[in-house]
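The file entry.pdb comes next; it holds PDB, C-alpha atoms, pLDDT in the B column.
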ATOM      1  CA  MET A1179      21.968 -45.006 -10.542  1.00 58.00           C
ATOM      2  CA  MET A1180      20.296 -48.383 -10.783  1.00 64.00           C
ATOM      3  CA  VAL A1181      18.710 -48.826 -14.174  1.00 70.00           C
ATOM      4  CA  ASP A1182      15.891 -51.192 -15.043  1.00 66.00           C
ATOM      5  CA  SER A1183      16.193 -53.224 -18.226  1.00 70.00           C
ATOM      6  CA  ASP A1184      13.113 -51.506 -19.629  1.00 74.00           C
ATOM      7  CA  ASP A1185      14.474 -47.950 -19.370  1.00 87.00           C
ATOM      8  CA  LEU A1186      16.739 -45.818 -21.535  1.00 92.00           C
ATOM      9  CA  VAL A1187      18.928 -43.138 -19.976  1.00 93.00           C
ATOM     10  CA  SER A1188      20.467 -39.979 -21.370  1.00 95.00           C
ATOM     11  CA  ASN A1189      24.093 -40.074 -22.478  1.00 96.00           C
ATOM     12  CA  ARG A1190      24.535 -36.700 -20.711  1.00 96.00           C
ATOM     13  CA  ILE A1191      24.079 -38.041 -17.161  1.00 94.00           C
ATOM     14  CA  ALA A1192      27.624 -39.173 -16.365  1.00 94.00           C
ATOM     15  CA  GLU A1193      29.238 -35.897 -17.420  1.00 96.00           C
ATOM     16  CA  TYR A1194      26.703 -33.813 -15.497  1.00 96.00           C
ATOM     17  CA  VAL A1195      26.972 -35.914 -12.327  1.00 95.00           C
ATOM     18  CA  ASN A1196      30.781 -35.887 -12.487  1.00 95.00           C
ATOM     19  CA  CYS A1197      30.719 -32.075 -12.715  1.00 97.00           C
ATOM     20  CA  HIS A1198      28.659 -31.898  -9.485  1.00 96.00           C
ATOM     21  CA  PRO A1199      30.439 -34.299  -7.095  1.00 93.00           C
ATOM     22  CA  ASN A1200      29.171 -32.686  -3.875  1.00 94.00           C
ATOM     23  CA  GLU A1201      25.480 -33.346  -4.543  1.00 96.00           C
ATOM     24  CA  ASN A1202      23.553 -36.065  -2.705  1.00 94.00           C
ATOM     25  CA  GLY A1203      22.266 -37.198  -6.049  1.00 92.00           C
ATOM     26  CA  PHE A1204      19.843 -36.114  -8.728  1.00 94.00           C
ATOM     27  CA  LEU A1205      16.245 -36.511  -9.794  1.00 92.00           C
ATOM     28  CA  SER A1206      14.638 -35.957 -13.151  1.00 86.00           C
ATOM     29  CA  SER A1207      11.711 -33.595 -12.840  1.00 81.00           C
ATOM     30  CA  TYR A1208      10.388 -35.074 -16.052  1.00 87.00           C
ATOM     31  CA  GLY A1209      11.157 -37.701 -18.639  1.00 91.00           C
ATOM     32  CA  TYR A1210       9.440 -39.582 -21.415  1.00 92.00           C
ATOM     33  CA  ALA A1211       7.218 -42.599 -21.833  1.00 89.00           C
ATOM     34  CA  TYR A1212       7.684 -44.687 -24.959  1.00 90.00           C
ATOM     35  CA  ASN A1213       5.664 -47.627 -26.211  1.00 86.00           C
ATOM     36  CA  ASP A1214       7.998 -50.129 -27.819  1.00 84.00           C
ATOM     37  CA  GLY A1215       7.721 -50.031 -31.589  1.00 87.00           C
ATOM     38  CA  PHE A1216       6.195 -46.569 -31.883  1.00 91.00           C
ATOM     39  CA  ASP A1217       7.940 -43.536 -33.430  1.00 94.00           C
ATOM     40  CA  TYR A1218       7.148 -41.036 -30.673  1.00 94.00           C
ATOM     41  CA  VAL A1219       7.542 -40.387 -26.948  1.00 94.00           C
ATOM     42  CA  LYS A1220       5.342 -38.471 -24.526  1.00 91.00           C
ATOM     43  CA  LYS A1221       6.646 -36.163 -21.817  1.00 90.00           C
ATOM     44  CA  LEU A1222       5.699 -37.109 -18.246  1.00 86.00           C
ATOM     45  CA  ALA A1223       6.250 -35.096 -15.064  1.00 84.00           C
ATOM     46  CA  SER A1224       7.377 -36.796 -11.831  1.00 82.00           C
ATOM     47  CA  LEU A1225       8.435 -39.845 -13.802  1.00 82.00           C
ATOM     48  CA  HIS A1226      10.083 -41.304 -10.677  1.00 80.00           C
ATOM     49  CA  ARG A1227       6.588 -42.229  -9.474  1.00 79.00           C
ATOM     50  CA  ILE A1228       6.389 -44.957 -12.158  1.00 78.00           C
ATOM     51  CA  CYS A1229       9.958 -45.404 -13.361  1.00 79.00           C
ATOM     52  CA  GLY A1230      12.772 -46.797 -11.259  1.00 74.00           C
ATOM     53  CA  SER A1231      15.590 -45.202 -13.252  1.00 82.00           C
ATOM     54  CA  CYS A1232      14.960 -41.528 -12.450  1.00 83.00           C
ATOM     55  CA  SER A1233      16.834 -41.179  -9.160  1.00 86.00           C
ATOM     56  CA  ILE A1234      20.592 -40.968  -9.042  1.00 88.00           C
ATOM     57  CA  VAL A1235      21.711 -41.494  -5.451  1.00 87.00           C
ATOM     58  CA  ASN A1236      25.204 -40.777  -4.161  1.00 88.00           C
ATOM     59  CA  TYR A1237      25.553 -43.871  -1.971  1.00 81.00           C
ATOM     60  CA  SER A1238      28.180 -44.301   0.705  1.00 80.00           C
ATOM     61  CA  VAL A1239      29.429 -47.692   1.884  1.00 81.00           C
ATOM     62  CA  GLU A1240      27.176 -47.321   4.938  1.00 79.00           C
ATOM     63  CA  ASP A1241      24.129 -47.060   2.653  1.00 76.00           C
ATOM     64  CA  LEU A1242      24.695 -50.516   1.184  1.00 77.00           C
ATOM     65  CA  PRO A1243      24.007 -53.898   2.772  1.00 77.00           C
ATOM     66  CA  ASP A1244      26.847 -56.338   3.299  1.00 79.00           C
ATOM     67  CA  LYS A1245      25.065 -58.737   0.953  1.00 75.00           C
ATOM     68  CA  MET A1246      21.855 -58.817  -1.028  1.00 72.00           C
ATOM     69  CA  PRO A1247      19.170 -61.372  -0.235  1.00 73.00           C
ATOM     70  CA  GLU A1248      19.278 -64.581  -2.235  1.00 79.00           C
ATOM     71  CA  ASN A1249      15.759 -63.867  -3.438  1.00 76.00           C
ATOM     72  CA  LEU A1250      15.896 -60.443  -5.114  1.00 67.00           C
ATOM     73  CA  TRP A1251      12.119 -60.089  -4.695  1.00 70.00           C
ATOM     74  CA  ASP A1252      12.581 -60.226  -0.900  1.00 70.00           C
ATOM     75  CA  ASP A1253      11.633 -56.779   0.390  1.00 68.00           C
ATOM     76  CA  SER A1254      12.435 -57.487   4.039  1.00 69.00           C
ATOM     77  CA  LEU A1255      15.355 -55.034   3.898  1.00 64.00           C
ATOM     78  CA  LYS A1256      13.397 -52.120   2.400  1.00 67.00           C
ATOM     79  CA  ASP A1257      13.109 -50.309   5.723  1.00 69.00           C
ATOM     80  CA  ILE A1258      16.861 -50.446   6.305  1.00 70.00           C
ATOM     81  CA  TRP A1259      18.624 -49.908   2.977  1.00 70.00           C
ATOM     82  CA  ILE A1260      17.946 -47.117   0.464  1.00 71.00           C
ATOM     83  CA  CYS A1261      18.731 -49.381  -2.484  1.00 69.00           C
ATOM     84  CA  ARG A1262      15.883 -51.707  -1.433  1.00 67.00           C
ATOM     85  CA  LYS A1263      13.235 -48.979  -1.191  1.00 71.00           C
ATOM     86  CA  SER A1264      10.572 -48.370  -3.790  1.00 73.00           C
ATOM     87  CA  HIS A1265      11.662 -45.800  -6.379  1.00 73.00           C
ATOM     88  CA  ARG A1266       8.474 -43.912  -5.549  1.00 78.00           C
ATOM     89  CA  VAL A1267       9.671 -43.063  -2.045  1.00 82.00           C
ATOM     90  CA  ILE A1268      13.417 -42.547  -2.488  1.00 84.00           C
ATOM     91  CA  PRO A1269      13.333 -38.751  -3.169  1.00 88.00           C
ATOM     92  CA  ASP A1270      11.081 -38.006  -0.171  1.00 89.00           C
ATOM     93  CA  TYR A1271      12.960 -40.435   2.067  1.00 87.00           C
ATOM     94  CA  LEU A1272      16.304 -38.815   1.249  1.00 88.00           C
ATOM     95  CA  LYS A1273      14.858 -35.327   1.733  1.00 93.00           C
ATOM     96  CA  LYS A1274      13.703 -36.325   5.243  1.00 93.00           C
ATOM     97  CA  GLN A1275      17.225 -37.629   5.899  1.00 89.00           C
ATOM     98  CA  GLY A1276      18.704 -34.221   4.993  1.00 93.00           C
ATOM     99  CA  ARG A1277      20.036 -35.612   1.707  1.00 92.00           C
ATOM    100  CA  ALA A1278      17.696 -34.016  -0.827  1.00 95.00           C
ATOM    101  CA  LEU A1279      18.302 -34.822  -4.464  1.00 94.00           C
ATOM    102  CA  ALA A1280      19.109 -31.943  -6.833  1.00 96.00           C
ATOM    103  CA  GLN A1281      17.081 -31.552 -10.018  1.00 94.00           C
ATOM    104  CA  LEU A1282      18.674 -32.524 -13.317  1.00 93.00           C
ATOM    105  CA  PRO A1283      18.280 -29.697 -15.844  1.00 93.00           C
ATOM    106  CA  PHE A1284      17.333 -32.140 -18.607  1.00 94.00           C
ATOM    107  CA  PRO A1285      15.206 -35.294 -18.932  1.00 92.00           C
ATOM    108  CA  SER A1286      17.276 -38.288 -17.932  1.00 92.00           C
ATOM    109  CA  THR A1287      15.063 -41.229 -18.713  1.00 92.00           C
ATOM    110  CA  ILE A1288      12.744 -42.806 -21.227  1.00 93.00           C
ATOM    111  CA  TYR A1289      10.411 -45.317 -19.608  1.00 88.00           C
ATOM    112  CA  VAL A1290       9.926 -48.004 -22.254  1.00 88.00           C
ATOM    113  CA  ARG A1291       6.614 -49.827 -22.038  1.00 81.00           C
ATOM    114  CA  ASN A1292       5.230 -52.990 -23.622  1.00 75.00           C
ATOM    115  CA  THR A1293       8.528 -54.846 -23.910  1.00 66.00           C
ATOM    116  CA  GLY A1294       7.557 -57.802 -21.741  1.00 58.00           C
ATOM    117  CA  ASP A1295      10.180 -56.702 -19.194  1.00 57.00           C
ATOM    118  CA  ASN A1296       8.063 -54.189 -17.294  1.00 51.00           C
ATOM    119  CA  HIS A1297       7.753 -55.614 -13.771  1.00 50.00           C
ATOM    120  CA  SER A1298       4.719 -53.527 -12.884  1.00 49.00           C
ATOM    121  CA  MET A1299       2.939 -54.316 -16.140  1.00 46.00           C
ATOM    122  CA  LEU A1300       3.463 -58.019 -15.518  1.00 43.00           C
ATOM    123  CA  ASN A1301       1.586 -57.541 -12.248  1.00 46.00           C
ATOM    124  CA  GLY A1302      -1.487 -55.985 -13.783  1.00 48.00           C
ATOM    125  CA  GLY A1303      -0.545 -52.493 -14.894  1.00 54.00           C
ATOM    126  CA  ASP A1304       1.949 -49.732 -14.375  1.00 56.00           C
ATOM    127  CA  LEU A1305      -0.199 -46.624 -14.655  1.00 63.00           C
ATOM    128  CA  SER A1306      -2.897 -45.162 -12.456  1.00 69.00           C
ATOM    129  CA  TRP A1307      -5.978 -43.707 -14.134  1.00 72.00           C
ATOM    130  CA  LYS A1308      -4.449 -40.231 -13.662  1.00 72.00           C
ATOM    131  CA  ARG A1309      -1.308 -41.285 -15.539  1.00 65.00           C
ATOM    132  CA  LYS A1310      -3.372 -42.849 -18.303  1.00 73.00           C
ATOM    133  CA  VAL A1311      -5.258 -39.563 -18.719  1.00 75.00           C
ATOM    134  CA  GLU A1312      -1.969 -37.618 -18.633  1.00 72.00           C
ATOM    135  CA  LEU A1313      -0.523 -39.832 -21.366  1.00 71.00           C
ATOM    136  CA  ALA A1314      -3.683 -39.543 -23.450  1.00 75.00           C
ATOM    137  CA  VAL A1315      -3.648 -35.728 -23.471  1.00 81.00           C
ATOM    138  CA  ARG A1316       0.099 -35.192 -23.826  1.00 83.00           C
ATOM    139  CA  PRO A1317       1.234 -34.398 -27.366  1.00 88.00           C
ATOM    140  CA  LYS A1318       3.309 -36.926 -29.262  1.00 92.00           C
ATOM    141  CA  ILE A1319       6.955 -35.955 -29.615  1.00 93.00           C
ATOM    142  CA  LYS A1320       8.419 -37.513 -32.738  1.00 96.00           C
ATOM    143  CA  ILE A1321      11.638 -39.409 -32.045  1.00 96.00           C
ATOM    144  CA  ASN A1322      14.132 -37.337 -33.986  1.00 96.00           C
ATOM    145  CA  ARG A1323      17.870 -37.951 -34.460  1.00 96.00           C
ATOM    146  CA  GLU A1324      18.719 -35.891 -31.331  1.00 96.00           C
ATOM    147  CA  ILE A1325      16.461 -37.949 -29.039  1.00 95.00           C
ATOM    148  CA  ALA A1326      17.524 -41.213 -30.706  1.00 95.00           C
ATOM    149  CA  ASP A1327      21.233 -40.428 -30.267  1.00 96.00           C
ATOM    150  CA  GLU A1328      20.884 -39.191 -26.680  1.00 96.00           C
ATOM    151  CA  PHE A1329      18.945 -42.235 -25.509  1.00 94.00           C
ATOM    152  CA  GLY A1330      20.368 -44.927 -27.798  1.00 92.00           C
ATOM    153  CA  ILE A1331      17.231 -45.623 -29.796  1.00 88.00           C
ATOM    154  CA  GLU A1332      17.839 -47.448 -33.081  1.00 80.00           C
TER     155      GLU A1332
END
Rewrite the structure of this file - the entire thing - as structure tokens.
Amino acid sequence: MMVDSDDLVSNRIAEYVNCHPNENGFLSSYGYAYNDGFDYVKKLASLHRICGSCSIVNYSVEDLPDKMPENLWDDSLKDIWICRKSHRVIPDYLKKQGRALAQLPFPSTIYVRNTGDNHSMLNGGDLSWKRKVELAVRPKIKINREIADEFGIE
């Protein structure tokens, strides 16, 4: 799992993944969006469409390049290496390769917004109008001790 600096991940992931070593990897069917500084999260389906930390891929040595490009923004290798592909396409790409990701039975990720670290927000926005509507109508889920402990929220 590659994790962006603006995401929080569940402390249950490692144990669950280790108990299922024969899987190709895992995908969260849903997770949460959190605006930095607020006291609530909102549940979002198909979070992998906007959040890069929702796919857990069981990579082999053959899946990794010998070296990464000097410029990490260089996407010239995205058609060759899974780890260079957009997080939006990884689940479908792996499914087409016969390596479908299993579903995690719990939310794995909180996508933290408005931190100044969100790559997509720095480029003009991270949410489509459909996602903005989804966030607007979803109920607020108060960050309780259970959520705070699981995701490391202070």
Give me, as a Markdown table, the closest atom pair and its distance (Å, one decimal) for every residue of region 1267-1293 of chain A within a cut-off of 12 Å of region 1197-1202 of chain A, counting all atoms listed in the file, rows sorted by chain and rising number.
| residue | atom | partner | partner_atom | distance |
| --- | --- | --- | --- | --- |
| A:Pro1269 | CA | A:Asn1202 | CA | 10.6 |
| A:Leu1272 | CA | A:Asn1202 | CA | 8.7 |
| A:Lys1273 | CA | A:Asn1202 | CA | 9.8 |
| A:Gln1275 | CA | A:Asn1202 | CA | 10.8 |
| A:Gly1276 | CA | A:Asn1202 | CA | 9.3 |
| A:Arg1277 | CA | A:Asn1202 | CA | 5.7 |
| A:Ala1278 | CA | A:Asn1202 | CA | 6.5 |
| A:Leu1279 | CA | A:Asn1202 | CA | 5.7 |
| A:Ala1280 | CA | A:Glu1201 | CA | 6.9 |
| A:Gln1281 | CA | A:Glu1201 | CA | 10.2 |
| A:Leu1282 | CA | A:His1198 | CA | 10.7 |
Using all atoms listed in the file, determine which residues lie at most 9 Å from region 1266-1268 of chain A, disregarding the query and same-chain residues fewer than 2 positions distant; provide the list as a list in words.
His1226, Arg1227, Ile1228, Cys1229, Gly1230, Ser1233, Val1235, Ile1260, Cys1261, Lys1263, Ser1264, Asp1270, Tyr1271, Leu1272 and Lys1273 of chain A
Go ahead and find all residues with at least one atom no further than 10 Å from (8.9, -46.9, -31.3) in the file's coordinates, using all atoms listed in the file; report them as an MDAnalysis selection string.
chainID A and resid 1212:1219 1290:1291 1320:1321 1331:1332
Can you work out the spacing between CA of Tyr1237 (chain A) and CA of Tyr1194 (chain A) in Å, to one decimal?
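Interatomic distance, CA of Tyr1237 (chain A) to CA of Tyr1194 (chain A): 16.9 Å.
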In Å, how far is it from CA of Gly1209 (chain A) to CA of Ser1238 (chain A)?
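These atoms are spaced 26.6 Å apart.
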I'd like the box whose edges run along x, y and z of the file and which contains every listed atom of region 1204-1220 of chain A, padded by 6 Å per side; could you state its centre and edge lengths in Å, one decimal, as lines of an AutoDock Vina configuration file?
center_x = 12.6
center_y = -41.9
center_z = -21.1
size_x = 26.5
size_y = 28.5
size_z = 36.7
Could region 1206-1220 of chain A be written out with all heavy atoms, as a PDB file, in the first residue's frame, please?
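Ended up saving to part_25.pdb:
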ATOM      1  N   SER A1206     -10.847  -0.849  -0.622  1.00  0.00           N
ATOM      2  CA  SER A1206     -11.926  -0.382   0.253  1.00  0.00           C
ATOM      3  C   SER A1206     -13.134  -0.062  -0.604  1.00  0.00           C
ATOM      4  O   SER A1206     -13.027   0.704  -1.554  1.00  0.00           O
ATOM      5  CB  SER A1206     -11.524   0.900   0.972  1.00  0.00           C
ATOM      6  OG  SER A1206     -10.821   0.630   2.130  1.00  0.00           O
ATOM      7  N   SER A1207     -14.277  -0.615  -0.259  1.00  0.00           N
ATOM      8  CA  SER A1207     -15.479  -0.261  -1.011  1.00  0.00           C
ATOM      9  C   SER A1207     -15.985   1.113  -0.578  1.00  0.00           C
ATOM     10  O   SER A1207     -16.701   1.771  -1.313  1.00  0.00           O
ATOM     11  CB  SER A1207     -16.568  -1.312  -0.852  1.00  0.00           C
ATOM     12  OG  SER A1207     -16.883  -1.501   0.513  1.00  0.00           O
ATOM     13  N   TYR A1208     -15.605   1.530   0.605  1.00  0.00           N
ATOM     14  CA  TYR A1208     -15.931   2.872   1.048  1.00  0.00           C
ATOM     15  C   TYR A1208     -14.917   3.330   2.085  1.00  0.00           C
ATOM     16  O   TYR A1208     -14.140   2.539   2.613  1.00  0.00           O
ATOM     17  CB  TYR A1208     -17.360   2.962   1.603  1.00  0.00           C
ATOM     18  CG  TYR A1208     -17.560   2.329   2.966  1.00  0.00           C
ATOM     19  CD1 TYR A1208     -17.472   3.102   4.124  1.00  0.00           C
ATOM     20  CD2 TYR A1208     -17.839   0.978   3.102  1.00  0.00           C
ATOM     21  CE1 TYR A1208     -17.655   2.533   5.367  1.00  0.00           C
ATOM     22  CE2 TYR A1208     -18.022   0.408   4.341  1.00  0.00           C
ATOM     23  CZ  TYR A1208     -17.926   1.184   5.479  1.00  0.00           C
ATOM     24  OH  TYR A1208     -18.102   0.620   6.710  1.00  0.00           O
ATOM     25  N   GLY A1209     -14.917   4.609   2.320  1.00  0.00           N
ATOM     26  CA  GLY A1209     -14.056   5.209   3.331  1.00  0.00           C
ATOM     27  C   GLY A1209     -14.678   6.525   3.749  1.00  0.00           C
ATOM     28  O   GLY A1209     -15.886   6.727   3.574  1.00  0.00           O
ATOM     29  N   TYR A1210     -13.859   7.412   4.260  1.00  0.00           N
ATOM     30  CA  TYR A1210     -14.373   8.674   4.775  1.00  0.00           C
ATOM     31  C   TYR A1210     -13.616   9.850   4.184  1.00  0.00           C
ATOM     32  O   TYR A1210     -12.434   9.751   3.875  1.00  0.00           O
ATOM     33  CB  TYR A1210     -14.229   8.732   6.295  1.00  0.00           C
ATOM     34  CG  TYR A1210     -14.907   7.617   7.026  1.00  0.00           C
ATOM     35  CD1 TYR A1210     -14.174   6.601   7.623  1.00  0.00           C
ATOM     36  CD2 TYR A1210     -16.295   7.574   7.140  1.00  0.00           C
ATOM     37  CE1 TYR A1210     -14.794   5.570   8.311  1.00  0.00           C
ATOM     38  CE2 TYR A1210     -16.926   6.539   7.831  1.00  0.00           C
ATOM     39  CZ  TYR A1210     -16.166   5.550   8.403  1.00  0.00           C
ATOM     40  OH  TYR A1210     -16.787   4.527   9.081  1.00  0.00           O
ATOM     41  N   ALA A1211     -14.309  10.966   4.082  1.00  0.00           N
ATOM     42  CA  ALA A1211     -13.676  12.236   3.753  1.00  0.00           C
ATOM     43  C   ALA A1211     -13.715  13.097   5.011  1.00  0.00           C
ATOM     44  O   ALA A1211     -14.697  13.078   5.755  1.00  0.00           O
ATOM     45  CB  ALA A1211     -14.420  12.933   2.612  1.00  0.00           C
ATOM     46  N   TYR A1212     -12.645  13.812   5.242  1.00  0.00           N
ATOM     47  CA  TYR A1212     -12.509  14.626   6.452  1.00  0.00           C
ATOM     48  C   TYR A1212     -11.879  15.947   6.063  1.00  0.00           C
ATOM     49  O   TYR A1212     -10.843  15.982   5.400  1.00  0.00           O
ATOM     50  CB  TYR A1212     -11.626  13.883   7.454  1.00  0.00           C
ATOM     51  CG  TYR A1212     -11.124  14.695   8.624  1.00  0.00           C
ATOM     52  CD1 TYR A1212     -11.990  15.154   9.610  1.00  0.00           C
ATOM     53  CD2 TYR A1212      -9.773  14.986   8.751  1.00  0.00           C
ATOM     54  CE1 TYR A1212     -11.517  15.896  10.690  1.00  0.00           C
ATOM     55  CE2 TYR A1212      -9.289  15.719   9.824  1.00  0.00           C
ATOM     56  CZ  TYR A1212     -10.175  16.170  10.788  1.00  0.00           C
ATOM     57  OH  TYR A1212      -9.706  16.896  11.850  1.00  0.00           O
ATOM     58  N   ASN A1213     -12.497  17.028   6.458  1.00  0.00           N
ATOM     59  CA  ASN A1213     -11.916  18.355   6.269  1.00  0.00           C
ATOM     60  C   ASN A1213     -11.102  18.691   7.507  1.00  0.00           C
ATOM     61  O   ASN A1213     -11.638  18.688   8.624  1.00  0.00           O
ATOM     62  CB  ASN A1213     -13.004  19.402   6.034  1.00  0.00           C
ATOM     63  CG  ASN A1213     -13.523  19.368   4.616  1.00  0.00           C
ATOM     64  OD1 ASN A1213     -12.752  19.472   3.670  1.00  0.00           O
ATOM     65  ND2 ASN A1213     -14.821  19.200   4.473  1.00  0.00           N
ATOM     66  N   ASP A1214      -9.832  18.957   7.302  1.00  0.00           N
ATOM     67  CA  ASP A1214      -8.919  19.231   8.399  1.00  0.00           C
ATOM     68  C   ASP A1214      -9.495  20.293   9.339  1.00  0.00           C
ATOM     69  O   ASP A1214      -9.956  21.341   8.912  1.00  0.00           O
ATOM     70  CB  ASP A1214      -7.576  19.696   7.834  1.00  0.00           C
ATOM     71  CG  ASP A1214      -6.491  19.766   8.888  1.00  0.00           C
ATOM     72  OD1 ASP A1214      -6.462  18.893   9.764  1.00  0.00           O
ATOM     73  OD2 ASP A1214      -5.663  20.695   8.827  1.00  0.00           O
ATOM     74  N   GLY A1215      -9.504  19.970  10.616  1.00  0.00           N
ATOM     75  CA  GLY A1215      -9.973  20.894  11.627  1.00  0.00           C
ATOM     76  C   GLY A1215     -11.423  20.716  12.040  1.00  0.00           C
ATOM     77  O   GLY A1215     -11.859  21.322  13.010  1.00  0.00           O
ATOM     78  N   PHE A1216     -12.167  19.890  11.315  1.00  0.00           N
ATOM     79  CA  PHE A1216     -13.562  19.662  11.669  1.00  0.00           C
ATOM     80  C   PHE A1216     -13.666  18.491  12.647  1.00  0.00           C
ATOM     81  O   PHE A1216     -12.694  17.756  12.858  1.00  0.00           O
ATOM     82  CB  PHE A1216     -14.395  19.379  10.412  1.00  0.00           C
ATOM     83  CG  PHE A1216     -14.650  20.598   9.568  1.00  0.00           C
ATOM     84  CD1 PHE A1216     -13.612  21.265   8.925  1.00  0.00           C
ATOM     85  CD2 PHE A1216     -15.935  21.098   9.421  1.00  0.00           C
ATOM     86  CE1 PHE A1216     -13.843  22.376   8.155  1.00  0.00           C
ATOM     87  CE2 PHE A1216     -16.179  22.220   8.644  1.00  0.00           C
ATOM     88  CZ  PHE A1216     -15.120  22.867   8.012  1.00  0.00           C
ATOM     89  N   ASP A1217     -14.832  18.277  13.242  1.00  0.00           N
ATOM     90  CA  ASP A1217     -14.996  17.197  14.219  1.00  0.00           C
ATOM     91  C   ASP A1217     -15.851  16.047  13.683  1.00  0.00           C
ATOM     92  O   ASP A1217     -16.392  15.274  14.447  1.00  0.00           O
ATOM     93  CB  ASP A1217     -15.594  17.744  15.521  1.00  0.00           C
ATOM     94  CG  ASP A1217     -17.004  18.291  15.353  1.00  0.00           C
ATOM     95  OD1 ASP A1217     -17.470  18.445  14.208  1.00  0.00           O
ATOM     96  OD2 ASP A1217     -17.644  18.569  16.385  1.00  0.00           O
ATOM     97  N   TYR A1218     -15.958  15.953  12.362  1.00  0.00           N
ATOM     98  CA  TYR A1218     -16.754  14.889  11.759  1.00  0.00           C
ATOM     99  C   TYR A1218     -16.127  14.416  10.447  1.00  0.00           C
ATOM    100  O   TYR A1218     -15.279  15.093   9.864  1.00  0.00           O
ATOM    101  CB  TYR A1218     -18.193  15.361  11.497  1.00  0.00           C
ATOM    102  CG  TYR A1218     -18.286  16.496  10.508  1.00  0.00           C
ATOM    103  CD1 TYR A1218     -18.374  16.246   9.136  1.00  0.00           C
ATOM    104  CD2 TYR A1218     -18.280  17.818  10.933  1.00  0.00           C
ATOM    105  CE1 TYR A1218     -18.444  17.292   8.224  1.00  0.00           C
ATOM    106  CE2 TYR A1218     -18.355  18.860  10.029  1.00  0.00           C
ATOM    107  CZ  TYR A1218     -18.445  18.591   8.670  1.00  0.00           C
ATOM    108  OH  TYR A1218     -18.506  19.621   7.769  1.00  0.00           O
ATOM    109  N   VAL A1219     -16.538  13.231  10.025  1.00  0.00           N
ATOM    110  CA  VAL A1219     -16.183  12.675   8.722  1.00  0.00           C
ATOM    111  C   VAL A1219     -17.480  12.421   7.962  1.00  0.00           C
ATOM    112  O   VAL A1219     -18.571  12.452   8.551  1.00  0.00           O
ATOM    113  CB  VAL A1219     -15.375  11.361   8.849  1.00  0.00           C
ATOM    114  CG1 VAL A1219     -14.024  11.602   9.490  1.00  0.00           C
ATOM    115  CG2 VAL A1219     -16.151  10.296   9.602  1.00  0.00           C
ATOM    116  N   LYS A1220     -17.346  12.159   6.666  1.00  0.00           N
ATOM    117  CA  LYS A1220     -18.492  11.769   5.854  1.00  0.00           C
ATOM    118  C   LYS A1220     -18.110  10.535   5.057  1.00  0.00           C
ATOM    119  O   LYS A1220     -17.014  10.460   4.501  1.00  0.00           O
ATOM    120  CB  LYS A1220     -18.923  12.896   4.924  1.00  0.00           C
ATOM    121  CG  LYS A1220     -19.562  14.061   5.676  1.00  0.00           C
ATOM    122  CD  LYS A1220     -20.297  14.968   4.729  1.00  0.00           C
ATOM    123  CE  LYS A1220     -21.097  16.004   5.509  1.00  0.00           C
ATOM    124  NZ  LYS A1220     -21.995  16.751   4.642  1.00  0.00           N
TER     125      LYS A1220
END
